[in-house]
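Okay, entry_14.csv is below, CSV, C-alpha atoms and all ligand atoms:
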chain,number,residue,atom,x,y,z
A,1,MET,CA,19.4,52.2,129.5
A,2,SER,CA,18.2,49.0,131.2
A,3,ARG,CA,19.8,47.8,134.4
A,4,SER,CA,21.7,45.0,132.6
A,5,GLY,CA,22.7,47.4,129.8
A,6,ALA,CA,24.2,49.8,132.4
A,7,ASP,CA,26.0,46.9,134.0
A,8,ARG,CA,27.4,45.8,130.7
A,9,ALA,CA,28.5,49.4,129.8
A,10,ALA,CA,30.3,49.7,133.2
A,11,ALA,CA,32.1,46.3,132.7
A,12,ARG,CA,33.1,47.4,129.2
A,13,SER,CA,34.5,50.7,130.5
A,14,TYR,CA,36.5,48.8,133.2
A,15,ALA,CA,37.9,46.4,130.6
A,16,GLU,CA,38.9,49.3,128.3
A,17,VAL,CA,40.7,51.2,131.0
A,18,LEU,CA,42.8,48.2,131.9
A,19,PHE,CA,43.3,46.5,128.6
A,20,GLY,CA,42.3,49.0,125.8
A,21,SER,CA,45.9,49.9,125.0
A,22,THR,CA,47.5,46.5,125.6
A,23,PRO,CA,49.5,44.8,122.8
A,24,ARG,CA,47.0,42.8,120.8
A,25,GLY,CA,48.5,39.4,121.2
A,26,ALA,CA,48.1,39.5,125.0
A,27,LEU,CA,45.6,37.6,127.1
A,28,VAL,CA,43.5,38.4,130.1
A,29,GLU,CA,43.3,35.8,132.9
A,30,VAL,CA,39.8,35.3,134.2
A,31,ARG,CA,39.6,33.1,137.3
A,32,PHE,CA,36.4,31.9,139.0
A,33,ARG,CA,35.5,29.9,142.0
A,34,LEU,CA,34.3,26.3,141.5
A,35,ARG,CA,32.7,24.1,144.1
A,36,SER,CA,36.3,23.0,145.0
A,37,GLY,CA,39.2,25.1,143.8
A,38,MET,CA,39.3,27.7,141.0
A,39,GLY,CA,38.6,27.6,137.3
A,40,ARG,CA,40.5,29.6,134.8
A,41,ARG,CA,40.1,30.9,131.2
A,42,PHE,CA,41.9,33.4,129.0
A,43,GLU,CA,40.4,36.1,126.7
A,44,GLY,CA,42.3,37.9,124.1
A,45,VAL,CA,42.6,41.7,124.7
A,46,ALA,CA,41.7,42.3,121.0
A,47,ARG,CA,38.1,41.1,121.9
A,48,LEU,CA,37.1,43.0,125.0
A,49,ASP,CA,33.4,42.1,124.4
A,50,ALA,CA,34.2,38.4,124.9
A,51,LEU,CA,36.0,39.3,128.1
A,52,VAL,CA,32.9,41.3,129.3
A,53,ASP,CA,30.7,38.4,128.4
A,54,SER,CA,32.9,36.0,130.4
A,55,ILE,CA,32.8,38.2,133.5
A,56,LEU,CA,29.0,38.8,133.4
A,57,THR,CA,28.1,35.2,132.6
A,58,LEU,CA,30.3,33.6,135.2
A,59,SER,CA,29.2,36.2,137.8
A,60,ARG,CA,25.6,34.9,137.7
A,61,HIS,CA,26.7,31.9,139.6
A,62,THR,CA,30.1,32.4,141.1
A,63,GLU,CA,32.9,34.8,142.2
A,64,VAL,CA,35.1,36.1,139.4
A,65,PHE,CA,38.6,37.6,139.4
A,66,VAL,CA,40.7,39.2,136.6
A,67,GLY,CA,44.5,39.5,136.3
A,68,VAL,CA,45.3,43.2,136.4
A,69,LEU,CA,48.3,42.7,134.1
A,70,PRO,CA,47.8,40.8,130.9
A,71,ARG,CA,49.6,37.4,130.3
A,72,TRP,CA,51.3,36.5,127.1
A,73,ARG,CA,50.4,32.8,127.3
A,74,ARG,CA,47.7,30.7,128.8
A,75,SER,CA,49.1,30.5,132.3
A,76,GLY,CA,49.2,32.8,135.3
A,77,THR,CA,52.7,32.5,136.9
A,78,ARG,CA,55.2,35.4,137.3
A,79,ALA,CA,56.9,34.3,134.1
A,80,ASP,CA,53.6,34.5,132.1
A,81,VAL,CA,52.9,38.2,132.8
A,82,VAL,CA,53.8,40.7,130.1
A,83,ALA,CA,57.1,42.5,130.6
A,84,ARG,CA,55.7,46.0,130.6
A,85,GLY,CA,52.4,47.7,131.6
A,86,ARG,CA,51.0,51.1,132.2
A,87,VAL,CA,48.8,50.6,135.3
A,88,VAL,CA,49.5,51.0,139.0
A,89,TRP,CA,46.9,49.9,141.5
A,90,ALA,CA,45.9,49.7,145.2
A,91,ASP,CA,43.5,47.5,147.2
A,92,CYS,CA,42.1,49.7,149.9
A,93,ASP,CA,40.6,47.1,152.3
A,94,CYS,CA,39.9,49.2,155.4
A,95,ALA,CA,38.2,52.5,156.2
A,96,GLU,CA,41.5,54.4,156.8
A,97,ALA,CA,42.9,53.3,153.4
A,98,VAL,CA,39.6,54.3,151.7
A,99,ALA,CA,39.7,57.7,153.3
A,100,ALA,CA,43.4,58.1,152.4
A,101,LEU,CA,42.5,57.2,148.8
A,102,ARG,CA,39.8,59.9,148.6
A,103,ALA,CA,42.4,62.5,149.7
A,104,PHE,CA,45.2,61.2,147.5
A,105,ARG,CA,46.5,63.3,144.5
A,106,PRO,CA,46.9,62.5,141.6
A,107,SER,CA,43.5,61.0,141.5
A,108,PRO,CA,43.2,57.5,140.0
A,109,ALA,CA,41.7,56.9,136.5
A,110,MET,CA,39.3,54.4,138.0
A,111,VAL,CA,37.9,53.5,141.4
A,112,VAL,CA,36.0,50.2,141.8
A,113,ALA,CA,33.8,49.3,144.8
A,114,SER,CA,34.9,45.7,145.5
A,115,SER,CA,32.4,45.5,148.4
A,116,GLU,CA,30.2,48.0,150.4
A,117,GLU,CA,33.3,49.4,152.1
A,118,ASN,CA,36.4,48.5,150.1
A,119,ARG,CA,37.9,50.1,147.0
A,120,HIS,CA,40.3,49.2,144.2
A,121,ALA,CA,42.0,52.2,142.6
A,122,TYR,CA,43.8,52.1,139.3
A,123,TRP,CA,46.2,54.8,137.9
A,124,LEU,CA,47.2,54.9,134.2
A,125,LEU,CA,50.7,55.9,133.4
A,126,THR,CA,51.7,58.2,130.5
A,127,ALA,CA,54.1,55.5,129.2
A,128,PRO,CA,54.6,51.7,129.8
A,129,VAL,CA,57.1,50.7,132.4
A,130,SER,CA,58.6,47.3,133.4
A,131,VAL,CA,56.6,45.1,135.7
A,132,ASP,CA,59.4,45.4,138.3
A,133,VAL,CA,58.7,49.1,138.4
A,134,ILE,CA,55.0,48.5,138.6
A,135,GLU,CA,55.4,46.1,141.6
A,136,GLN,CA,57.6,48.6,143.3
A,137,THR,CA,55.3,51.5,142.7
A,138,ASN,CA,52.3,49.4,143.9
A,139,ARG,CA,54.1,48.7,147.1
A,140,ARG,CA,54.9,52.4,147.6
A,141,MET,CA,51.3,53.3,146.8
A,142,ALA,CA,50.0,50.7,149.4
A,143,LEU,CA,52.4,52.3,152.0
A,144,ALA,CA,51.1,55.8,151.2
A,145,LEU,CA,47.5,54.8,151.5
A,146,GLY,CA,47.7,52.1,154.3
A,147,ALA,CA,46.3,49.7,151.7
A,148,ASP,CA,47.1,45.9,151.4
A,149,VAL,CA,50.8,45.7,150.5
A,150,ARG,CA,50.5,42.1,149.2
A,151,CYS,CA,48.1,43.1,146.5
A,152,GLY,CA,50.6,44.8,144.2
A,153,ASP,CA,52.2,41.6,142.9
A,154,ARG,CA,52.4,41.3,139.1
A,155,THR,CA,50.2,38.1,139.1
A,156,ARG,CA,47.5,39.8,141.2
A,157,ILE,CA,43.9,39.0,140.3
A,158,LEU,CA,41.2,41.4,141.5
A,159,ARG,CA,37.4,41.5,141.3
A,160,PRO,CA,36.2,43.1,138.0
A,161,VAL,CA,33.4,45.5,137.6
A,162,GLY,CA,30.3,43.4,136.7
A,163,SER,CA,31.2,40.6,139.1
A,164,VAL,CA,29.5,39.8,142.4
A,165,ASN,CA,31.3,39.6,145.8
A,166,ARG,CA,29.9,36.6,147.7
A,167,LYS,CA,32.4,36.7,150.5
A,168,ARG,CA,29.7,37.6,153.1
A,169,ARG,CA,26.2,36.2,153.3
A,170,GLU,CA,24.8,39.2,151.4
A,171,ALA,CA,26.1,39.2,147.8
A,172,VAL,CA,27.3,42.6,146.7
A,173,ALA,CA,27.7,43.8,143.1
A,174,VAL,CA,31.2,45.0,142.3
A,175,ARG,CA,30.6,48.5,140.9
A,176,LEU,CA,32.4,51.2,138.9
A,177,LEU,CA,32.5,54.3,141.3
A,178,ASP,CA,34.7,56.8,139.5
A,179,LEU,CA,36.0,56.9,136.0
A,180,ALA,CA,38.3,59.3,134.3
A,181,PRO,CA,39.6,57.2,131.4
A,182,GLU,CA,41.7,60.0,130.0
A,183,ALA,CA,43.6,60.7,133.3
A,184,ARG,CA,47.3,59.8,133.0
A,185,VAL,CA,50.0,60.2,135.5
A,186,SER,CA,53.8,60.1,134.9
A,187,LEU,CA,56.0,57.9,136.9
A,188,ALA,CA,58.0,61.0,137.9
A,189,GLU,CA,54.8,62.5,139.4
A,190,LEU,CA,54.1,59.4,141.5
A,191,ASP,CA,57.8,59.2,142.5
A,192,ARG,CA,57.5,62.7,144.0
A,193,VAL,CA,54.5,61.9,146.2
A,194,LEU,CA,55.1,58.3,147.2
A,195,PRO,CA,57.2,57.2,150.1
A,196,CYS,CA,60.3,55.0,149.6
A,197,ALA,CA,59.4,51.3,149.8
A,198,PRO,CA,61.5,49.1,152.1
A,199,PRO,CA,63.7,46.8,150.1
A,200,ARG,CA,62.2,43.3,149.6
A,201,ALA,CA,63.8,40.7,147.5
A,202,ILE,CA,61.0,39.3,145.3
A,203,THR,CA,62.5,38.7,141.9
A,204,PRO,CA,65.8,37.3,140.6
A,205,LEU,CA,66.6,40.8,139.4
A,206,ARG,CA,66.5,42.2,142.8
A,207,GLY,CA,68.4,39.2,144.1
A,208,ARG,CA,71.2,39.9,141.7
A,209,GLU,CA,71.2,43.6,142.7
A,210,ALA,CA,71.3,42.6,146.3
A,211,MET,CA,74.4,40.6,145.8
A,212,GLY,CA,76.2,43.9,145.2
A,213,THR,CA,78.1,42.8,142.2
A,214,VAL,CA,78.0,44.3,138.8
A,215,ASP,CA,76.6,41.6,136.6
A,216,ALA,CA,78.8,41.2,133.5
A,217,LEU,CA,75.9,39.6,131.7
A,218,ASP,CA,73.7,42.7,132.3
A,219,ALA,CA,76.5,44.9,130.8
A,220,ILE,CA,76.3,43.1,127.4
A,221,PRO,CA,74.5,45.3,124.8
A,222,PRO,CA,71.2,43.7,123.8
A,223,PRO,CA,72.0,43.4,120.1
A,224,VAL,CA,75.1,41.4,120.9
A,225,TYR,CA,73.3,38.8,123.1
A,226,PHE,CA,70.2,38.8,120.9
A,227,GLU,CA,72.2,37.8,117.8
A,228,ARG,CA,74.3,35.3,119.7
A,229,LEU,CA,71.3,33.6,121.3
A,230,THR,CA,68.8,33.6,118.4
A,231,GLY,CA,71.1,33.6,115.4
A,232,LEU,CA,69.1,36.5,114.0
A,233,ARG,CA,70.8,39.6,112.8
A,234,VAL,CA,69.9,42.9,114.5
A,235,GLY,CA,70.0,45.8,112.0
A,236,PRO,CA,70.7,49.4,112.8
A,237,SER,CA,66.9,50.0,113.4
A,238,GLY,CA,66.9,47.4,116.1
A,239,LYS,CA,63.5,46.1,114.8
A,240,LEU,CA,62.8,42.4,114.1
A,241,HIS,CA,60.0,40.1,113.3
A,242,CYS,CA,59.1,38.5,116.7
A,243,LEU,CA,60.1,34.9,117.0
A,244,PHE,CA,57.5,34.3,119.7
A,245,HIS,CA,54.4,35.2,117.9
A,246,ASP,CA,53.0,35.4,114.3
A,247,ASP,CA,54.4,38.8,113.5
A,248,ARG,CA,53.6,40.4,110.1
A,249,SER,CA,55.3,43.7,110.8
A,250,PRO,CA,58.6,43.9,112.8
A,251,SER,CA,57.2,44.5,116.3
A,252,LEU,CA,60.2,43.3,118.3
A,253,HIS,CA,62.6,46.1,119.4
A,254,VAL,CA,66.2,45.3,120.5
A,255,TYR,CA,67.5,48.4,122.2
A,256,ARG,CA,71.2,49.5,122.0
A,257,GLU,CA,71.9,50.3,125.6
A,258,PRO,CA,72.7,47.6,128.1
A,259,GLY,CA,69.9,47.6,130.7
A,260,ARG,CA,67.1,48.6,128.3
A,261,GLY,CA,66.8,45.1,126.9
A,262,TRP,CA,64.3,44.0,124.3
A,263,TYR,CA,60.5,44.2,124.0
A,264,CYS,CA,57.9,43.0,121.5
A,265,PHE,CA,55.1,45.5,121.0
A,266,GLY,CA,53.0,42.7,119.4
A,267,CYS,CA,52.9,40.1,122.2
A,268,GLY,CA,54.3,41.9,125.2
A,269,ARG,CA,57.2,39.6,125.7
A,270,GLY,CA,60.5,41.2,126.6
A,271,GLY,CA,63.1,41.8,129.3
A,272,SER,CA,66.7,41.1,129.8
A,273,ILE,CA,69.2,38.5,128.5
A,274,TYR,CA,67.9,36.1,131.2
A,275,ASP,CA,64.3,36.5,130.0
A,276,LEU,CA,65.3,35.8,126.4
A,277,ALA,CA,67.4,32.8,127.3
A,278,ALA,CA,64.6,31.5,129.5
A,279,LEU,CA,62.0,31.8,126.7
A,280,LEU,CA,64.4,30.1,124.2
A,281,SER,CA,65.2,27.2,126.6
A,282,GLY,CA,61.8,26.8,128.3
A,283,ARG,CA,63.2,27.6,131.7
A,284,GLU,CA,62.1,30.0,134.5
A,285,THR,CA,64.0,33.1,135.6
A,286,ARG,CA,64.0,32.0,139.2
A,287,GLY,CA,65.2,29.3,141.6
A,288,ARG,CA,67.3,26.5,140.3
A,289,ASP,CA,66.4,27.2,136.6
A,290,PHE,CA,67.8,30.7,137.1
A,291,THR,CA,71.1,29.4,138.5
A,292,GLU,CA,71.5,27.1,135.5
A,293,LEU,CA,70.5,29.8,133.1
A,294,ARG,CA,73.1,32.1,134.5
A,295,ARG,CA,75.8,29.5,134.3
A,296,ASP,CA,75.0,28.6,130.7
A,297,LEU,CA,74.9,32.3,129.7
A,298,GLU,CA,78.2,33.0,131.4
A,299,GLU,CA,79.8,30.1,129.5
A,300,LEU,CA,78.4,31.2,126.2
A,301,MET,CA,78.8,34.9,126.5
A,302,LEU,CA,81.7,35.5,128.8
A,303,PRO,CA,84.3,32.7,128.2
A,304,ARG,CA,87.2,35.1,128.2
A,305,ALA,CA,86.2,36.9,131.3
A,306,ARG,CA,85.7,33.5,133.0
A,307,LEU,CA,89.1,32.3,131.9
A,308,ALA,CA,90.7,35.5,133.1
A,309,ALA,CA,89.2,35.2,136.5
A,310,GLU,CA,90.4,31.6,136.8
A,311,VAL,CA,93.8,32.4,135.5
A,312,SER,CA,94.3,35.1,138.1
A,313,SER,CA,92.9,33.2,141.0
A,314,GLU,CA,94.6,29.9,140.5
A,315,THR,CA,98.1,28.6,140.4
A,316,VAL,CA,98.5,28.1,136.7
A,317,THR,CA,100.9,26.0,134.6
A,318,VAL,CA,100.5,26.3,130.9
A,319,ARG,CA,101.9,23.5,128.7
A,320,GLY,CA,101.9,23.2,125.0
A,321,GLY,CA,99.3,20.8,123.5
A,322,SER,CA,98.0,19.7,120.2
A,323,GLY,CA,95.4,22.3,119.2
A,324,GLY,CA,94.6,23.5,122.7
A,325,VAL,CA,96.1,24.8,125.9
A,326,ARG,CA,95.9,22.9,129.1
A,327,ILE,CA,95.5,25.0,132.2
A,328,MET,CA,96.4,23.3,135.4
A,329,GLY,CA,94.6,25.0,138.3
A,330,GLY,CA,93.7,24.4,141.9
A,331,THR,CA,90.5,22.6,140.8
A,332,GLY,CA,92.1,20.3,138.2
A,333,ALA,CA,92.8,20.4,134.5
A,334,ARG,CA,90.6,21.8,131.8
A,335,ARG,CA,91.0,21.5,128.1
A,336,LEU,CA,90.3,24.6,126.1
A,337,SER,CA,89.9,24.7,122.4
B,1,ZN,ZN,56.1,39.1,119.9
Write-out of the structure in structure tokens:
Amino acid sequence: MSRSGADRAAARSYAEVLFGSTPRGALVEVRFRLRSGMGRRFEGVARLDALVDSILTLSRHTEVFVGVLPRWRRSGTRADVVARGRVVWADCDCAEAVAALRAFRPSPAMVVASSEENRHAYWLLTAPVSVDVIEQTNRRMALALGADVRCGDRTRILRPVGSVNRKRREAVAVRLLDLAPEARVSLAELDRVLPCAPPRAITPLRGREAMGTVDALDAIPPPVYFERLTGLRVGPSGKLHCLFHDDRSPSLHVYREPGRGWYCFGCGRGGSIYDLAALLSGRETRGRDFTELRRDLEELMLPRARLAAEVSSETVTVRGGSGGVRIMGGTGARRLS
């Protein structure tokens, strides 16, 4: 095989390991350095050859990076990353971390030389897990190896095989070092060997957990909130045509148990009641948007619980009214219908 043929085959193997079993509607984010700032394009996971072309062509002139987790729309923020994935990774950016990686078991499915000295390692899981779990496992992996703890974020972009590292004066090809594409590890197996990660609040979910309160919204069974928010009926199978992509077969699963949420196997969107409400209303699941989202959801889904809390915490006078009840509380009057 010619030199360029071998480069292409290696880039193709890399793309298959990361995106070969991804839901077909998902997109791969490719970023590249421009004279000032960064450029960005998206390639569908259904056309891995186009992705490989992008990487190889752009790499002739500039530095290229690829989002490790696919996105479900043409953007690269935390909200754009698919809800679940099956890869865990580490950026070993010093000699100690590279040595620790060599000794680490289970071995990764793929090791990439991102420069002469540094290595990126990728483990493939036996089953998809939520991106929260991926981030947490990445952090624990980084702690185990002494690798860069910041590189496990869900939006992380890393240098792909077939690109060129131009960080130093001497340009270095980013190469595929080890490949065991069939190697899979279970989360339980990693759980046994990895250290516990120090808690770090990075997502609204963690923020809610950190508040130490049981979230009444999280306790609502997914079929109940799904029907209320979308107006679609969820049958006994829990399967629906996805409302977020052109879905010929019912790919969206609404799970019965609170906490398991919903997930579309076609486009990769999914998550909790908050993720659904955010998608439907075009808001984010963080910051001020999240506060508003939560308040709206509480009003929609928990009116009785809210009332009960107010009734018990305020001095209440109930008077008769026409068609409604007026509750006089410490914070003023409110008309309820
Ligand atoms: Zn979908």
Could you list the protein, DNA and RNA residues that have any atom within 6 Å of ligand ZN 1 (chain B), counting all atoms listed in the file, and write them as a compact mmCIF listing (two decimals) with C-alpha atoms, in the frame of the given file?
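selection.txt, written as the output of this step:
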# COMPACT_ATOMS: atom_id res chain seq x y z
CA CYS A 242 59.10 38.50 116.70
CA PHE A 244 57.50 34.30 119.70
CA HIS A 245 54.40 35.20 117.90
CA CYS A 264 57.90 43.00 121.50
CA GLY A 266 53.00 42.70 119.40
CA CYS A 267 52.90 40.10 122.20
CA ARG A 269 57.20 39.60 125.70
Next on the checklist: Residues proximal to (38.2, 50.3, 156.9) were defined as those with any atom within 12 Å of that point in the file's coordinates, counting only C-alpha atoms. Which are they, as a PyMOL selection string?
Outcome noted: chain A and resi 91-101+115-119+145-148
Produce a table with one row for each residue of region 223-289 of chain A that has an atom at most 10 Å from any atom of region 66-88 of chain A, each row naming the nearest atom pair and its distance in Å at one decimal; use all atoms listed in the file; arrange rows by chain and rising residue number; format as a tab-separated table.
residue	atom	partner	partner_atom	distance
A:Phe244	CA	A:Trp72	CA	9.9
A:His245	CA	A:Trp72	CA	9.8
A:Trp262	CA	A:Ala83	CA	9.7
A:Tyr263	CA	A:Ala83	CA	7.6
A:Cys264	CA	A:Ala83	CA	9.1
A:Phe265	CA	A:Arg84	CA	9.6
A:Cys267	CA	A:Trp72	CA	6.3
A:Gly268	CA	A:Val82	CA	5.1
A:Arg269	CA	A:Val82	CA	5.7
A:Gly270	CA	A:Ala83	CA	5.4
A:Gly271	CA	A:Ala83	CA	6.2
A:Ser272	CA	A:Ala83	CA	9.7
A:Asp275	CA	A:Ala79	CA	8.7
A:Ala278	CA	A:Ala79	CA	9.4
A:Leu279	CA	A:Ala79	CA	9.3
A:Arg283	CA	A:Ala79	CA	9.5
A:Glu284	CA	A:Ala79	CA	6.8
A:Thr285	CA	A:Ala79	CA	7.4
A:Arg286	CA	A:Ala79	CA	9.0
Next on the checklist: Just to confirm, what's the straight-line distance from CA of Met110 (chain A) to CA of Val133 (chain A) in Å (one decimal)?
Outcome noted: 20.1 Å
Next on the checklist: Between A:Ala142, A:Leu51, A:Val17, A:Val185, which residue has the minimum interatomic distance to Arg105 (chain A), considering only C-alpha atoms?
Outcome noted: A:Val185
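Our summary of the geometry notes that CA of Glu170 (chain A) is positioned 13.0 Å from CA of Glu63 (chain A).
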Next on the checklist: Show me, as a list in words, the residues that have an atom within 10 Å of Asp178 (chain A) when counting only C-alpha atoms, minus same-chain residues fewer than 5 positions from it.
Outcome noted: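 Result of the neighbour search: Ser107, Pro108, Ala109, Met110, Val111, Val112, Ala113 and Ala121 of chain A.
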Next on the checklist: Which residue is closest to Leu190 (chain A)? Choose from A:Ser251, A:Ser163, A:Thr126, A:Thr22 and count all atoms listed in the file.
Outcome noted: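 With all atoms listed in the file as the atom set, the closest residue is A:Thr126.
For the pair CA of Gly152 (chain A) and CA of Ala11 (chain A), the interatomic distance is 21.8 Å.
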Checklist entry - With only C-alpha atoms as the atoms that count, which of A:Arg140, A:Arg150, A:Arg233, A:His61 lies nearest to Arg166 (chain A)? => result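 Nearest candidate to Arg166 (chain A) out of A:Arg140, A:Arg150, A:Arg233, A:His61: A:His61.
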Next on the checklist: Given all atoms listed in the file as the basis, pick out the residue of A:Pro303, A:Pro128, A:Ala90, A:Thr155 nearest to Leu143 (chain A).
Outcome noted: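 For Leu143 (chain A), the nearest of the candidates is A:Ala90.
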Shell around Ala9 (chain A) at 12 Å using only C-alpha atoms, local window under 4 positions removed, as a JSON list (two decimals) with C-alpha atoms, keeping the file's coordinate frame:
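Full text of selection.json as output:
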[["chain", "number", "residue", "atom", "x", "y", "z"],
["A", 1, "MET", "CA", 19.40, 52.20, 129.50],
["A", 2, "SER", "CA", 18.20, 49.00, 131.20],
["A", 3, "ARG", "CA", 19.80, 47.80, 134.40],
["A", 4, "SER", "CA", 21.70, 45.00, 132.60],
["A", 5, "GLY", "CA", 22.70, 47.40, 129.80],
["A", 13, "SER", "CA", 34.50, 50.70, 130.50],
["A", 14, "TYR", "CA", 36.50, 48.80, 133.20],
["A", 15, "ALA", "CA", 37.90, 46.40, 130.60],
["A", 16, "GLU", "CA", 38.90, 49.30, 128.30],
["A", 48, "LEU", "CA", 37.10, 43.00, 125.00],
["A", 49, "ASP", "CA", 33.40, 42.10, 124.40],
["A", 52, "VAL", "CA", 32.90, 41.30, 129.30],
["A", 53, "ASP", "CA", 30.70, 38.40, 128.40],
["A", 56, "LEU", "CA", 29.00, 38.80, 133.40],
["A", 161, "VAL", "CA", 33.40, 45.50, 137.60],
["A", 162, "GLY", "CA", 30.30, 43.40, 136.70],
["A", 175, "ARG", "CA", 30.60, 48.50, 140.90],
["A", 176, "LEU", "CA", 32.40, 51.20, 138.90]]
Checklist entry - So which one's closest to Val254 (chain A), A:Ala144, A:Ile273, A:Val30, A:Val64? Using all atoms listed in the file, please. => result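 Ranked by minimum distance to Val254 (chain A), first place goes to A:Ile273.
Residues in contact with Leu232 (chain A) at up to 10 Å, not including ones fewer than 4 positions away on its chain and judged by all atoms listed in the file, are Pro223, Phe226, Glu227, Arg228, Leu240, His241 and Leu243 of chain A.
Nearest to Asp191 (chain A) of all the residues A:Gly261, A:Gly44, A:Pro106, A:Gly39 is A:Pro106, counting only C-alpha atoms.
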Fill-in result for region 125-143 of chain A, N, CA and C atoms as a tab-separated table (two decimals), in the frame of the given file:
chain	number	residue	atom	x	y	z
A	125	LEU	N	49.47	55.14	133.59
A	125	LEU	CA	50.70	55.90	133.40
A	125	LEU	C	50.79	56.46	131.99
A	126	THR	N	51.58	57.51	131.85
A	126	THR	CA	51.70	58.20	130.50
A	126	THR	C	52.50	57.27	129.57
A	127	ALA	N	53.33	56.36	130.09
A	127	ALA	CA	54.10	55.50	129.20
A	127	ALA	C	54.29	54.13	129.92
A	128	PRO	N	54.43	53.05	129.14
A	128	PRO	CA	54.60	51.70	129.80
A	128	PRO	C	55.93	51.66	130.53
A	129	VAL	N	55.91	50.89	131.63
A	129	VAL	CA	57.10	50.70	132.40
A	129	VAL	C	57.26	49.17	132.68
A	130	SER	N	58.42	48.73	133.15
A	130	SER	CA	58.60	47.30	133.40
A	130	SER	C	57.76	46.86	134.58
A	131	VAL	N	57.42	45.58	134.61
A	131	VAL	CA	56.60	45.10	135.70
A	131	VAL	C	57.31	45.17	137.05
A	132	ASP	N	58.64	45.15	137.04
A	132	ASP	CA	59.40	45.40	138.30
A	132	ASP	C	59.05	46.75	138.86
A	133	VAL	N	59.03	47.74	137.99
A	133	VAL	CA	58.70	49.10	138.40
A	133	VAL	C	57.25	49.19	138.88
A	134	ILE	N	56.37	48.49	138.19
A	134	ILE	CA	55.00	48.50	138.60
A	134	ILE	C	54.80	47.89	139.99
A	135	GLU	N	55.45	46.76	140.24
A	135	GLU	CA	55.40	46.10	141.60
A	135	GLU	C	55.88	47.07	142.65
A	136	GLN	N	57.01	47.70	142.36
A	136	GLN	CA	57.60	48.60	143.30
A	136	GLN	C	56.72	49.80	143.61
A	137	THR	N	56.14	50.36	142.54
A	137	THR	CA	55.30	51.50	142.70
A	137	THR	C	53.98	51.12	143.44
A	138	ASN	N	53.46	49.94	143.14
A	138	ASN	CA	52.30	49.40	143.90
A	138	ASN	C	52.55	49.35	145.36
A	139	ARG	N	53.75	48.87	145.69
A	139	ARG	CA	54.10	48.70	147.10
A	139	ARG	C	54.17	50.07	147.78
A	140	ARG	N	54.77	51.03	147.07
A	140	ARG	CA	54.90	52.40	147.60
A	140	ARG	C	53.49	53.01	147.76
A	141	MET	N	52.63	52.76	146.78
A	141	MET	CA	51.30	53.30	146.80
A	141	MET	C	50.53	52.70	148.04
A	142	ALA	N	50.69	51.39	148.26
A	142	ALA	CA	50.00	50.70	149.40
A	142	ALA	C	50.51	51.34	150.71
A	143	LEU	N	51.81	51.63	150.78
A	143	LEU	CA	52.40	52.30	152.00
A	143	LEU	C	51.77	53.65	152.19
